[in-house]
>>> print(open('data18.tsv').read())   # TSV, C-alpha atoms
chain	number	residue	atom	x	y	z
A	1	MET	CA	138.05	157.48	109.74
A	2	SER	CA	140.59	158.73	112.18
A	3	TYR	CA	144.20	158.16	111.28
A	4	GLU	CA	145.06	158.20	115.00
A	5	ASN	CA	143.43	154.80	115.02
A	6	ALA	CA	145.09	153.49	111.90
A	7	GLU	CA	147.69	151.61	113.93
A	8	SER	CA	145.22	150.10	116.35
A	9	LEU	CA	142.91	147.86	114.39
A	10	GLY	CA	143.24	145.39	117.23
A	11	LYS	CA	141.54	147.81	119.62
A	12	ALA	CA	138.86	148.92	117.18
A	13	VAL	CA	135.29	147.66	117.24
A	14	CYS	CA	133.37	146.48	114.20
A	15	THR	CA	130.29	148.68	114.07
A	16	ALA	CA	126.98	148.35	112.26
A	17	CYS	CA	127.34	149.60	108.73
A	18	ARG	CA	124.74	151.55	106.71
A	19	ALA	CA	124.31	151.67	102.98
A	20	ASP	CA	125.55	155.28	102.96
A	21	ALA	CA	128.66	154.53	105.01
A	22	PRO	CA	131.87	155.62	103.30
A	23	LYS	CA	134.15	153.18	101.53
A	24	VAL	CA	137.78	153.50	102.51
A	25	THR	CA	139.81	155.57	100.08
A	26	ALA	CA	142.85	154.14	98.33
A	27	ASP	CA	145.12	156.06	100.75
A	28	GLU	CA	143.23	154.80	103.78
A	29	ALA	CA	143.34	151.24	102.45
A	30	SER	CA	147.08	151.52	101.89
A	31	THR	CA	147.62	152.70	105.48
A	32	LEU	CA	145.38	150.04	106.99
A	33	LEU	CA	146.96	147.24	104.94
A	34	ARG	CA	150.26	147.86	106.73
A	35	GLU	CA	148.64	146.41	109.83
A	36	ILE	CA	147.47	143.29	108.03
A	37	PRO	CA	150.36	142.63	105.63
A	38	ASP	CA	149.26	139.10	104.69
A	39	TRP	CA	146.00	140.36	103.19
A	40	GLN	CA	145.52	141.65	99.70
A	41	ILE	CA	142.77	143.50	97.96
A	42	SER	CA	141.18	141.57	95.10
A	43	ILE	CA	138.49	142.90	92.83
A	44	ILE	CA	135.76	140.29	92.35
A	45	ASP	CA	132.78	141.08	90.14
A	46	GLY	CA	133.82	144.73	90.33
A	47	ILE	CA	133.84	144.79	94.15
A	48	GLU	CA	136.94	145.13	96.30
A	49	HIS	CA	137.48	142.28	98.77
A	50	LEU	CA	140.14	141.76	101.41
A	51	VAL	CA	141.46	138.23	100.85
A	52	ARG	CA	143.85	135.97	102.71
A	53	GLU	CA	144.67	132.27	102.44
A	54	TYR	CA	145.56	130.39	105.61
A	55	LYS	CA	147.38	127.04	105.50
A	56	PHE	CA	147.01	124.24	108.06
A	57	GLY	CA	148.90	121.05	108.86
A	58	ASN	CA	145.70	119.03	108.80
A	59	TYR	CA	142.11	119.34	107.63
A	60	ARG	CA	140.51	119.40	111.08
A	61	ASP	CA	142.51	122.46	112.14
A	62	GLY	CA	141.30	124.28	109.04
A	63	LEU	CA	137.71	123.30	109.81
A	64	ARG	CA	138.08	124.51	113.39
A	65	PHE	CA	139.38	127.82	112.06
A	66	THR	CA	136.38	128.11	109.73
A	67	VAL	CA	134.07	127.67	112.72
A	68	ALA	CA	136.00	130.21	114.80
A	69	VAL	CA	135.83	132.81	112.01
A	70	GLY	CA	132.13	132.08	111.46
A	71	GLU	CA	131.31	132.43	115.16
A	72	LEU	CA	133.23	135.70	115.39
A	73	ALA	CA	131.42	136.96	112.28
A	74	ASP	CA	128.03	136.11	113.69
A	75	GLU	CA	128.81	137.80	117.02
A	76	VAL	CA	129.43	141.13	115.26
A	77	ASP	CA	126.84	140.50	112.53
A	78	HIS	CA	129.34	141.01	109.73
A	79	HIS	CA	129.80	137.92	107.60
A	80	PRO	CA	132.69	137.04	105.29
A	81	SER	CA	132.99	134.38	102.64
A	82	ILE	CA	134.96	131.44	104.09
A	83	ILE	CA	136.25	128.85	101.63
A	84	THR	CA	137.27	125.62	103.34
A	85	ASP	CA	139.56	123.42	101.25
A	86	TRP	CA	142.02	120.64	102.00
A	87	CYS	CA	144.33	122.12	104.68
A	88	LYS	CA	143.59	125.63	103.41
A	89	VAL	CA	140.98	128.23	104.35
A	90	THR	CA	140.51	131.41	102.33
A	91	VAL	CA	138.66	134.33	103.90
A	92	HIS	CA	137.09	137.24	102.01
A	93	TRP	CA	135.94	140.34	103.89
A	94	TRP	CA	133.95	143.09	102.22
A	95	THR	CA	130.82	145.07	102.99
A	96	HIS	CA	127.87	144.04	100.91
A	97	LYS	CA	125.81	147.14	101.80
A	98	ILE	CA	128.35	149.55	100.35
A	99	GLY	CA	129.68	147.29	97.60
A	100	GLY	CA	133.27	147.56	98.75
A	101	LEU	CA	135.58	147.92	101.71
A	102	HIS	CA	134.66	149.67	104.95
A	103	ARG	CA	137.03	150.11	107.86
A	104	ASN	CA	135.10	147.28	109.54
A	105	ASP	CA	136.55	144.87	107.02
A	106	PHE	CA	140.11	145.74	108.02
A	107	ILE	CA	139.18	145.36	111.69
A	108	MET	CA	137.73	141.91	110.98
A	109	ALA	CA	140.76	140.89	108.91
A	110	TYR	CA	142.98	141.85	111.85
A	111	ARG	CA	140.81	139.82	114.23
A	112	THR	CA	140.84	136.86	111.80
A	113	ASP	CA	144.64	136.90	111.95
A	114	GLY	CA	144.33	136.76	115.73
A	115	LEU	CA	142.11	133.67	115.53
A	116	PHE	CA	144.63	132.01	113.21
A	117	ALA	CA	147.46	132.74	115.65
A	118	SER	CA	145.44	131.16	118.46
A	119	ILE	CA	144.68	127.98	116.47
A	120	SER	CA	147.81	127.29	114.44
B	1	MET	CA	131.10	101.72	86.81
B	2	SER	CA	128.14	99.43	87.05
B	3	TYR	CA	124.83	100.85	85.94
B	4	GLU	CA	123.10	98.41	88.29
B	5	ASN	CA	124.30	100.76	90.99
B	6	ALA	CA	123.39	103.97	89.23
B	7	GLU	CA	120.20	104.29	91.25
B	8	SER	CA	121.78	103.53	94.56
B	9	LEU	CA	124.28	106.29	95.24
B	10	GLY	CA	122.99	106.26	98.80
B	11	LYS	CA	124.23	102.69	99.31
B	12	ALA	CA	127.56	103.22	97.55
B	13	VAL	CA	130.83	103.74	99.35
B	14	CYS	CA	133.35	106.44	98.52
B	15	THR	CA	136.56	104.57	97.78
B	16	ALA	CA	140.18	105.67	97.59
B	17	CYS	CA	140.90	107.14	94.18
B	18	ARG	CA	144.10	106.75	92.16
B	19	ALA	CA	145.49	109.10	89.57
B	20	ASP	CA	144.68	106.56	86.84
B	21	ALA	CA	141.08	106.07	87.96
B	22	PRO	CA	138.56	106.74	85.19
B	23	LYS	CA	136.60	109.97	85.00
B	24	VAL	CA	132.88	109.45	84.52
B	25	THR	CA	131.80	109.73	80.90
B	26	ALA	CA	129.19	112.27	79.83
B	27	ASP	CA	126.58	109.50	79.66
B	28	GLU	CA	127.46	108.21	83.10
B	29	ALA	CA	127.33	111.73	84.52
B	30	SER	CA	123.93	112.30	82.96
B	31	THR	CA	122.59	109.09	84.53
B	32	LEU	CA	124.05	109.83	87.95
B	33	LEU	CA	122.80	113.43	87.97
B	34	ARG	CA	119.22	112.11	87.94
B	35	GLU	CA	119.82	110.97	91.50
B	36	ILE	CA	121.11	114.36	92.62
B	37	PRO	CA	118.90	116.73	90.61
B	38	ASP	CA	119.84	119.86	92.59
B	39	TRP	CA	123.48	119.57	91.58
B	40	GLN	CA	124.99	120.89	88.40
B	41	ILE	CA	128.29	120.39	86.67
B	42	SER	CA	130.37	123.56	86.37
B	43	ILE	CA	133.69	123.80	84.61
B	44	ILE	CA	136.15	125.77	86.72
B	45	ASP	CA	139.67	126.36	85.44
B	46	GLY	CA	139.02	123.64	82.88
B	47	ILE	CA	138.01	121.04	85.48
B	48	GLU	CA	134.49	119.69	85.96
B	49	HIS	CA	133.02	120.21	89.44
B	50	LEU	CA	129.72	119.11	90.93
B	51	VAL	CA	128.24	122.23	92.53
B	52	ARG	CA	125.22	122.92	94.71
B	53	GLU	CA	124.13	125.93	96.77
B	54	TYR	CA	122.25	125.30	100.01
B	55	LYS	CA	120.20	128.05	101.66
B	56	PHE	CA	119.57	128.38	105.41
B	57	GLY	CA	117.22	130.41	107.60
B	58	ASN	CA	120.11	131.60	109.75
B	59	TYR	CA	123.88	131.78	109.67
B	60	ARG	CA	124.52	129.27	112.46
B	61	ASP	CA	122.64	126.51	110.64
B	62	GLY	CA	124.80	127.10	107.58
B	63	LEU	CA	127.94	126.95	109.71
B	64	ARG	CA	126.77	123.70	111.31
B	65	PHE	CA	126.21	122.28	107.84
B	66	THR	CA	129.73	123.29	106.81
B	67	VAL	CA	131.11	121.40	109.80
B	68	ALA	CA	128.97	118.34	109.06
B	69	VAL	CA	130.14	118.25	105.43
B	70	GLY	CA	133.75	118.78	106.50
B	71	GLU	CA	133.61	115.98	109.06
B	72	LEU	CA	132.05	113.60	106.55
B	73	ALA	CA	134.72	114.54	104.02
B	74	ASP	CA	137.52	113.89	106.47
B	75	GLU	CA	136.06	110.51	107.45
B	76	VAL	CA	136.28	109.28	103.86
B	77	ASP	CA	139.43	111.30	103.05
B	78	HIS	CA	137.82	113.03	100.09
B	79	HIS	CA	137.61	116.77	100.53
B	80	PRO	CA	135.36	119.26	98.74
B	81	SER	CA	135.50	123.01	98.59
B	82	ILE	CA	132.93	124.43	101.03
B	83	ILE	CA	132.07	128.12	100.70
B	84	THR	CA	130.31	129.48	103.76
B	85	ASP	CA	128.43	132.73	103.17
B	86	TRP	CA	125.58	134.55	104.88
B	87	CYS	CA	122.81	131.90	105.16
B	88	LYS	CA	124.23	130.08	102.13
B	89	VAL	CA	126.75	127.27	101.76
B	90	THR	CA	128.07	126.20	98.35
B	91	VAL	CA	129.73	122.81	98.00
B	92	HIS	CA	132.02	121.73	95.15
B	93	TRP	CA	132.95	118.09	94.71
B	94	TRP	CA	135.58	116.96	92.24
B	95	THR	CA	138.58	114.65	92.29
B	96	HIS	CA	141.86	116.49	92.29
B	97	LYS	CA	143.92	113.40	91.40
B	98	ILE	CA	142.10	112.83	88.11
B	99	GLY	CA	141.34	116.46	87.35
B	100	GLY	CA	137.61	115.89	87.01
B	101	LEU	CA	134.64	113.89	88.25
B	102	HIS	CA	134.86	110.36	89.60
B	103	ARG	CA	131.86	108.34	90.71
B	104	ASN	CA	132.99	109.11	94.27
B	105	ASP	CA	132.01	112.73	93.73
B	106	PHE	CA	128.42	111.78	92.92
B	107	ILE	CA	128.30	109.54	95.99
B	108	MET	CA	129.53	112.40	98.15
B	109	ALA	CA	127.07	114.85	96.59
B	110	TYR	CA	124.25	112.42	97.44
B	111	ARG	CA	125.50	112.11	101.01
B	112	THR	CA	125.81	115.90	101.27
B	113	ASP	CA	122.13	116.18	100.34
B	114	GLY	CA	121.42	113.74	103.17
B	115	LEU	CA	123.27	115.93	105.66
B	116	PHE	CA	121.30	118.96	104.48
B	117	ALA	CA	118.02	117.08	104.95
B	118	SER	CA	119.05	116.19	108.50
B	119	ILE	CA	119.97	119.79	109.43
B	120	SER	CA	117.44	121.97	107.63
>>> encode(input="data18.tsv", output="structure tokens")
Amino acid sequence: MSYENAESLGKAVCTACRADAPKVTADEASTLLREIPDWQISIIDGIEHLVREYKFGNYRDGLRFTVAVGELADEVDHHPSIITDWCKVTVHWWTHKIGGLHRNDFIMAYRTDGLFASIS
Amino acid sequence: MSYENAESLGKAVCTACRADAPKVTADEASTLLREIPDWQISIIDGIEHLVREYKFGNYRDGLRFTVAVGELADEVDHHPSIITDWCKVTVHWWTHKIGGLHRNDFIMAYRTDGLFASIS
């Protein structure tokens, strides 16, 4: 990962990920998280996930957001877990193939924030 | 709850639920589960949920199912947790106001199965 790009997740492209792709290091994660300050890293079943909850004024807006995130995910063939609740949607990004966080996950988290800004 | 209706979840209507509405008893739950055999009761944070995983041949079908369940939920103003993953959607029904399972949840589980049958 190039640190020149660490401040430009918005310009980065989510690329296909192989099983031998590197996980981000703790230092890299710390740097990248500055660009997506509303996300946190949670360890679930021993695997690091990027997690953020989004709140909505009504249920339909949350459902529309779920669809927007799902469509974006399918376009780039990188799929999160999207939990749709009453006026709240929680998104988890991680990379199944490497059992943890790849730079792609930070790129997708950044893009998910962009979708939220466009809907809410 | 009338046991005359126990075999007709499909004809039952999800009604508004009050905080003092009765939870189903263990015997009632056991009877109702016979009509939705793919569902199981899981205790999450001390609260009983009806839970079922649905599998799909592709991501878009799963996303369409999520939307269908969400729209049905909003129509009757009773909202589940819908977890959209890669080719898999997990639905949790429970009644927040009573901190457990109401007959409404079994009705909605039955109707969710109907949506799955119409999509898959």
>>> atom_distance(input="data18.tsv", atom1="CA of Ala21 (chain A)", atom2="CA of Ile98 (chain A)")
6.8 Å
>>> atom_distance(input="data18.tsv", atom1="CA of Gly10 (chain B)", atom2="CA of Asp105 (chain B)")
12.2 Å
>>> residues_around(input="data18.tsv", residues="region 84-90 of chain B", least_positions_apart="6", cutoff="12 Å", atoms="all atoms listed in the file", output="number ranges by chain")
A: 63, 66-67, 69-71, 73-74, 77-85, 89-96; B: 38-40, 49-70, 109, 112-113, 116, 120
>>> closest_residue(input="data18.tsv", among="B:Gly100, B:Thr31, B:Lys11, B:Phe106", to="Ile43 (chain B)", atoms="only C-alpha atoms")
B:Gly100
>>> build_atoms(input="data18.tsv", residues="region 86-110 of chain A", atoms="N, CA, C and O atoms", output="PDB file, in the frame of the given file")
ATOM      1  N   TRP A  86     141.077 121.563 101.376  1.00  0.00           N
ATOM      2  CA  TRP A  86     142.020 120.640 102.000  1.00  0.00           C
ATOM      3  C   TRP A  86     143.196 121.415 102.606  1.00  0.00           C
ATOM      4  O   TRP A  86     144.012 121.988 101.885  1.00  0.00           O
ATOM      5  N   CYS A  87     143.216 121.479 103.948  1.00  0.00           N
ATOM      6  CA  CYS A  87     144.330 122.120 104.680  1.00  0.00           C
ATOM      7  C   CYS A  87     144.530 123.596 104.302  1.00  0.00           C
ATOM      8  O   CYS A  87     145.637 124.129 104.460  1.00  0.00           O
ATOM      9  N   LYS A  88     143.485 124.223 103.791  1.00  0.00           N
ATOM     10  CA  LYS A  88     143.590 125.630 103.410  1.00  0.00           C
ATOM     11  C   LYS A  88     142.221 126.295 103.584  1.00  0.00           C
ATOM     12  O   LYS A  88     141.201 125.725 103.172  1.00  0.00           O
ATOM     13  N   VAL A  89     142.216 127.454 104.216  1.00  0.00           N
ATOM     14  CA  VAL A  89     140.980 128.230 104.350  1.00  0.00           C
ATOM     15  C   VAL A  89     141.239 129.628 103.806  1.00  0.00           C
ATOM     16  O   VAL A  89     142.231 130.269 104.183  1.00  0.00           O
ATOM     17  N   THR A  90     140.376 130.074 102.918  1.00  0.00           N
ATOM     18  CA  THR A  90     140.510 131.410 102.330  1.00  0.00           C
ATOM     19  C   THR A  90     139.348 132.264 102.848  1.00  0.00           C
ATOM     20  O   THR A  90     138.199 131.832 102.817  1.00  0.00           O
ATOM     21  N   VAL A  91     139.685 133.438 103.339  1.00  0.00           N
ATOM     22  CA  VAL A  91     138.660 134.330 103.900  1.00  0.00           C
ATOM     23  C   VAL A  91     138.580 135.599 103.052  1.00  0.00           C
ATOM     24  O   VAL A  91     139.618 136.171 102.686  1.00  0.00           O
ATOM     25  N   HIS A  92     137.356 135.986 102.736  1.00  0.00           N
ATOM     26  CA  HIS A  92     137.090 137.240 102.010  1.00  0.00           C
ATOM     27  C   HIS A  92     136.259 138.139 102.924  1.00  0.00           C
ATOM     28  O   HIS A  92     135.175 137.748 103.360  1.00  0.00           O
ATOM     29  N   TRP A  93     136.745 139.333 103.179  1.00  0.00           N
ATOM     30  CA  TRP A  93     135.940 140.340 103.890  1.00  0.00           C
ATOM     31  C   TRP A  93     135.610 141.482 102.927  1.00  0.00           C
ATOM     32  O   TRP A  93     136.500 141.995 102.226  1.00  0.00           O
ATOM     33  N   TRP A  94     134.378 141.889 102.929  1.00  0.00           N
ATOM     34  CA  TRP A  94     133.950 143.090 102.220  1.00  0.00           C
ATOM     35  C   TRP A  94     132.584 143.462 102.787  1.00  0.00           C
ATOM     36  O   TRP A  94     132.005 142.707 103.578  1.00  0.00           O
ATOM     37  N   THR A  95     132.091 144.621 102.418  1.00  0.00           N
ATOM     38  CA  THR A  95     130.820 145.070 102.990  1.00  0.00           C
ATOM     39  C   THR A  95     129.776 145.151 101.892  1.00  0.00           C
ATOM     40  O   THR A  95     129.826 146.025 101.027  1.00  0.00           O
ATOM     41  N   HIS A  96     128.899 144.190 101.939  1.00  0.00           N
ATOM     42  CA  HIS A  96     127.870 144.040 100.910  1.00  0.00           C
ATOM     43  C   HIS A  96     127.067 145.334 100.732  1.00  0.00           C
ATOM     44  O   HIS A  96     126.815 145.774  99.606  1.00  0.00           O
ATOM     45  N   LYS A  97     126.693 145.958 101.868  1.00  0.00           N
ATOM     46  CA  LYS A  97     125.810 147.140 101.800  1.00  0.00           C
ATOM     47  C   LYS A  97     126.403 148.296 101.027  1.00  0.00           C
ATOM     48  O   LYS A  97     125.669 149.111 100.467  1.00  0.00           O
ATOM     49  N   ILE A  98     127.728 148.419 101.053  1.00  0.00           N
ATOM     50  CA  ILE A  98     128.350 149.550 100.350  1.00  0.00           C
ATOM     51  C   ILE A  98     129.076 149.096  99.088  1.00  0.00           C
ATOM     52  O   ILE A  98     129.675 149.920  98.392  1.00  0.00           O
ATOM     53  N   GLY A  99     129.043 147.794  98.827  1.00  0.00           N
ATOM     54  CA  GLY A  99     129.680 147.290  97.600  1.00  0.00           C
ATOM     55  C   GLY A  99     131.171 147.528  97.566  1.00  0.00           C
ATOM     56  O   GLY A  99     131.737 147.878  96.528  1.00  0.00           O
ATOM     57  N   GLY A 100     131.818 147.353  98.714  1.00  0.00           N
ATOM     58  CA  GLY A 100     133.270 147.560  98.750  1.00  0.00           C
ATOM     59  C   GLY A 100     133.799 147.405 100.162  1.00  0.00           C
ATOM     60  O   GLY A 100     133.213 146.695 100.984  1.00  0.00           O
ATOM     61  N   LEU A 101     134.891 148.081 100.427  1.00  0.00           N
ATOM     62  CA  LEU A 101     135.580 147.920 101.710  1.00  0.00           C
ATOM     63  C   LEU A 101     135.305 149.080 102.663  1.00  0.00           C
ATOM     64  O   LEU A 101     135.497 150.251 102.321  1.00  0.00           O
ATOM     65  N   HIS A 102     134.859 148.728 103.848  1.00  0.00           N
ATOM     66  CA  HIS A 102     134.660 149.670 104.950  1.00  0.00           C
ATOM     67  C   HIS A 102     135.778 149.402 105.955  1.00  0.00           C
ATOM     68  O   HIS A 102     136.395 148.327 105.936  1.00  0.00           O
ATOM     69  N   ARG A 103     135.997 150.332 106.829  1.00  0.00           N
ATOM     70  CA  ARG A 103     137.030 150.110 107.860  1.00  0.00           C
ATOM     71  C   ARG A 103     136.749 148.849 108.663  1.00  0.00           C
ATOM     72  O   ARG A 103     137.664 148.164 109.109  1.00  0.00           O
ATOM     73  N   ASN A 104     135.465 148.526 108.845  1.00  0.00           N
ATOM     74  CA  ASN A 104     135.100 147.280 109.540  1.00  0.00           C
ATOM     75  C   ASN A 104     135.812 146.066 108.962  1.00  0.00           C
ATOM     76  O   ASN A 104     136.149 145.137 109.699  1.00  0.00           O
ATOM     77  N   ASP A 105     135.960 146.047 107.653  1.00  0.00           N
ATOM     78  CA  ASP A 105     136.550 144.870 107.020  1.00  0.00           C
ATOM     79  C   ASP A 105     138.020 144.698 107.420  1.00  0.00           C
ATOM     80  O   ASP A 105     138.490 143.578 107.607  1.00  0.00           O
ATOM     81  N   PHE A 106     138.707 145.798 107.580  1.00  0.00           N
ATOM     82  CA  PHE A 106     140.110 145.740 108.020  1.00  0.00           C
ATOM     83  C   PHE A 106     140.183 145.298 109.485  1.00  0.00           C
ATOM     84  O   PHE A 106     141.074 144.535 109.875  1.00  0.00           O
ATOM     85  N   ILE A 107     139.240 145.783 110.280  1.00  0.00           N
ATOM     86  CA  ILE A 107     139.180 145.360 111.690  1.00  0.00           C
ATOM     87  C   ILE A 107     138.958 143.844 111.760  1.00  0.00           C
ATOM     88  O   ILE A 107     139.633 143.125 112.499  1.00  0.00           O
ATOM     89  N   MET A 108     138.028 143.344 110.944  1.00  0.00           N
ATOM     90  CA  MET A 108     137.730 141.910 110.980  1.00  0.00           C
ATOM     91  C   MET A 108     138.888 141.084 110.432  1.00  0.00           C
ATOM     92  O   MET A 108     139.159 139.979 110.919  1.00  0.00           O
ATOM     93  N   ALA A 109     139.582 141.600 109.432  1.00  0.00           N
ATOM     94  CA  ALA A 109     140.760 140.890 108.910  1.00  0.00           C
ATOM     95  C   ALA A 109     141.817 140.771 110.008  1.00  0.00           C
ATOM     96  O   ALA A 109     142.419 139.709 110.206  1.00  0.00           O
ATOM     97  N   TYR A 110     142.013 141.859 110.738  1.00  0.00           N
ATOM     98  CA  TYR A 110     142.980 141.850 111.850  1.00  0.00           C
ATOM     99  C   TYR A 110     142.579 140.812 112.892  1.00  0.00           C
ATOM    100  O   TYR A 110     143.399 140.027 113.378  1.00  0.00           O
TER     101      TYR A 110
END
